[in-house]
Amino acid sequence: MTLDLDGVAAFLRGQDVPVTGPLTGELVSGGRSNLTYAVTDGTHRWIVRRPPLTGLTPSAHDVAREWRVMQALQYSAVPVPPAVALCEDLAYIGAPFAVSAFITGRVVRTRAQLDTYSARELEACVTELVRVLADLHSLDVAEVGLSALGRPDGFLERQVRLWWRQWNEVKSHDWADATTLHSRLVAALPARSAHIGVVHGDFRIDNTLLDTTDVSKVLAVVDWELATVGDVLTDIALMCVYRQPQLDPILGLDAAWASPRLPSAAAIAQSYATRRGIDLDHWPFYLALANFKLAVIAQGISYRAADPTAAQAEEAVPALLAAGLQALGHP
């Protein structure tokens, strides 16, 4: 354990959260994302999220941001874990942390976990995932109190600029395809974003909690640290691009979301458009941007890798750059 449980308990008691005994806990997930702990006093159960111990990137590991998003969405159509308390006082455990209620659900990360489900069950699961994302994107940002979460004006232009800057910080060498893809993204940039809303930023099956007996029920969407207000088509495009086999070396496992047993990216995009009753205007641009973003993420993982497994993420880069170019009609 790297979590100061006495500090967590002291904070919770100060927030009038009932704590009936000494806390115990275990690390549920960690690594490059925020660290997630399951904590209990023997009567109550919570999830505690704190930034990683090393490689901290404030914008990507903002537990306060994700807690405030979950708090705002508590009574919306989007299922989220009930927000309990947020601690930004470093005196308690030496880092900010967020506490939410524990939800008994299943996280599906690997293809082996899909083996217990039929094709019909998996199709129903993806249909429900698309519905949840579409409902998120349909929310009135002001109504749920998240207007200050992001800057929608110029969102796409900033995204292209951001990921190009990130690429130049982490690239192992000059890649001609990256340069070409960036210039084609700039040329294809839509004049304006037609669909503004809450963007999750990392939506796929393993960032949800599914019902343990019915995979078609999403109990909660988690991992909101990248959430913002912006062009929501970037969200569904990334969800679709994640369906590629290049997700495996990026995550370092046989990713469930890259399974050929799930509906295709094209089918997911069409289902989303139908659900929302919209046209996916400039869709090639969004797919190309998502591929470029994922290539930069893969290169960044390899660049910062402390172990050979993570370093393999760079293997995904050439195919992702090529897919981005292909989306924009480049042979």
# chains A, B, ... in the order shown; residues from 1 in each chain; ligands from 1

call {"tool": "closest_atom_pairs", "arguments": {"of": "region 133-239 of chain A", "to": "region 322-325 of chain A", "cutoff": "9 Å", "atoms": "only C-alpha atoms", "output": "JSON lines"}}
result
{"residue": "A:Asp177", "atom": "CA", "partner": "A:Ala322", "partner_atom": "CA", "distance": 7.0}
{"residue": "A:Ala178", "atom": "CA", "partner": "A:Ala322", "partner_atom": "CA", "distance": 8.8}
{"residue": "A:Thr180", "atom": "CA", "partner": "A:Leu325", "partner_atom": "CA", "distance": 7.9}
{"residue": "A:Leu181", "atom": "CA", "partner": "A:Leu325", "partner_atom": "CA", "distance": 5.8}
{"residue": "A:Arg184", "atom": "CA", "partner": "A:Leu325", "partner_atom": "CA", "distance": 8.0}

call {"tool": "select_by_dssp", "arguments": {"residues": "region 102-241 of chain A", "states": "strand (DSSP E or B)", "output": "list in words"}}
result
Arg106, Thr110, Ile196, Gly197, Val198, Val199, Thr208, Leu209, Leu210, Val218, Leu219, Ala220, Val221, Thr228, Val229, Gly230 and Asp231 of chain A

call {"tool": "write_last_selection", "arguments": {"atoms": "C-alpha atoms", "output": "tab-separated table (two decimals), in the first residue's frame"}}
result
chain	number	residue	atom	x	y	z
A	106	ARG	CA	-17.14	-5.83	-13.50
A	110	THR	CA	-8.97	-8.36	-21.65
A	196	ILE	CA	-20.21	20.95	-28.33
A	197	GLY	CA	-20.71	19.10	-25.06
A	198	VAL	CA	-19.03	17.20	-22.25
A	199	VAL	CA	-16.16	15.10	-23.60
A	208	THR	CA	-16.88	1.52	-17.28
A	209	LEU	CA	-18.28	-0.73	-14.58
A	210	LEU	CA	-20.66	-3.33	-16.00
A	218	VAL	CA	-23.45	0.05	-17.56
A	219	LEU	CA	-23.46	0.76	-13.82
A	220	ALA	CA	-20.96	3.62	-13.96
A	221	VAL	CA	-18.55	5.45	-16.23
A	228	THR	CA	-13.53	18.68	-20.81
A	229	VAL	CA	-16.11	20.70	-22.70
A	230	GLY	CA	-15.39	20.63	-26.39
A	231	ASP	CA	-16.19	18.96	-29.69

call {"tool": "atom_distance", "arguments": {"atom1": "CA of Leu86 (chain A)", "atom2": "CA of Ser100 (chain A)"}}
result
8.8 Å

call {"tool": "atom_distance", "arguments": {"atom1": "CA of Ala269 (chain A)", "atom2": "CA of Ala188 (chain A)"}}
result
19.8 Å

call {"tool": "closest_residue", "arguments": {"among": "A:Leu320, A:Leu146, A:Val8, A:Gly277", "to": "Leu90 (chain A)", "atoms": "only C-alpha atoms"}}
result
A:Val8

call {"tool": "residues_around", "arguments": {"residues": "Glu128 (chain A)", "least_positions_apart": "5", "cutoff": "12 Å", "atoms": "only C-alpha atoms", "output": "PyMOL selection string"}}
result
chain A and resi 78-79+121-123+133-135+204-205+208+210-211+214-221+268+271-272+275

call {"tool": "residues_around", "arguments": {"residues": "region 295-306 of chain A", "least_positions_apart": "5", "cutoff": "12 Å", "atoms": "only C-alpha atoms", "output": "ChimeraX atom specification"}}
result
/A:31-33,54-56,60,160,162-173,175,177-178,181-182,202,238,241-242,244,246-252,288-290,311-324

call {"tool": "residues_around", "arguments": {"residues": "Pro190 (chain A)", "least_positions_apart": "2", "cutoff": "9 Å", "atoms": "only C-alpha atoms", "output": "list in words"}}
result
Leu156, Glu157, Ala187, Ala188, Arg192, Ser193, His282 and Phe285 of chain A

call {"tool": "residues_around", "arguments": {"residues": "Phe203 (chain A)", "least_positions_apart": "3", "cutoff": "8 Å", "atoms": "only C-alpha atoms", "output": "number ranges by chain"}}
result
A: 133, 200, 207, 235-236, 238-239

call {"tool": "write_last_selection", "arguments": {"atoms": "N, CA, C and O atoms", "output": "compact mmCIF listing (two decimals), in the first residue's frame"}}
result
# COMPACT_ATOMS: atom_id res chain seq x y z
N LEU A 133 -22.58 7.08 -24.08
CA LEU A 133 -21.76 8.17 -24.61
C LEU A 133 -22.63 9.21 -25.32
O LEU A 133 -22.41 10.42 -25.16
N HIS A 200 -15.70 12.96 -22.53
CA HIS A 200 -15.06 12.09 -21.54
C HIS A 200 -13.56 12.05 -21.74
O HIS A 200 -12.78 12.18 -20.80
N ASN A 207 -13.25 1.47 -19.22
CA ASN A 207 -13.44 2.64 -18.36
C ASN A 207 -14.89 2.76 -17.91
O ASN A 207 -15.39 3.86 -17.68
N ASP A 235 -14.62 12.54 -29.18
CA ASP A 235 -14.82 11.45 -28.21
C ASP A 235 -15.24 10.16 -28.90
O ASP A 235 -14.67 9.09 -28.67
N ILE A 236 -16.26 10.24 -29.75
CA ILE A 236 -16.72 9.04 -30.44
C ILE A 236 -15.68 8.57 -31.45
O ILE A 236 -15.49 7.36 -31.66
N LEU A 238 -12.38 8.76 -31.08
CA LEU A 238 -11.36 8.04 -30.33
C LEU A 238 -11.88 6.68 -29.88
O LEU A 238 -11.15 5.68 -29.92
N MET A 239 -13.15 6.62 -29.49
CA MET A 239 -13.75 5.34 -29.13
C MET A 239 -13.66 4.36 -30.30
O MET A 239 -13.37 3.17 -30.11
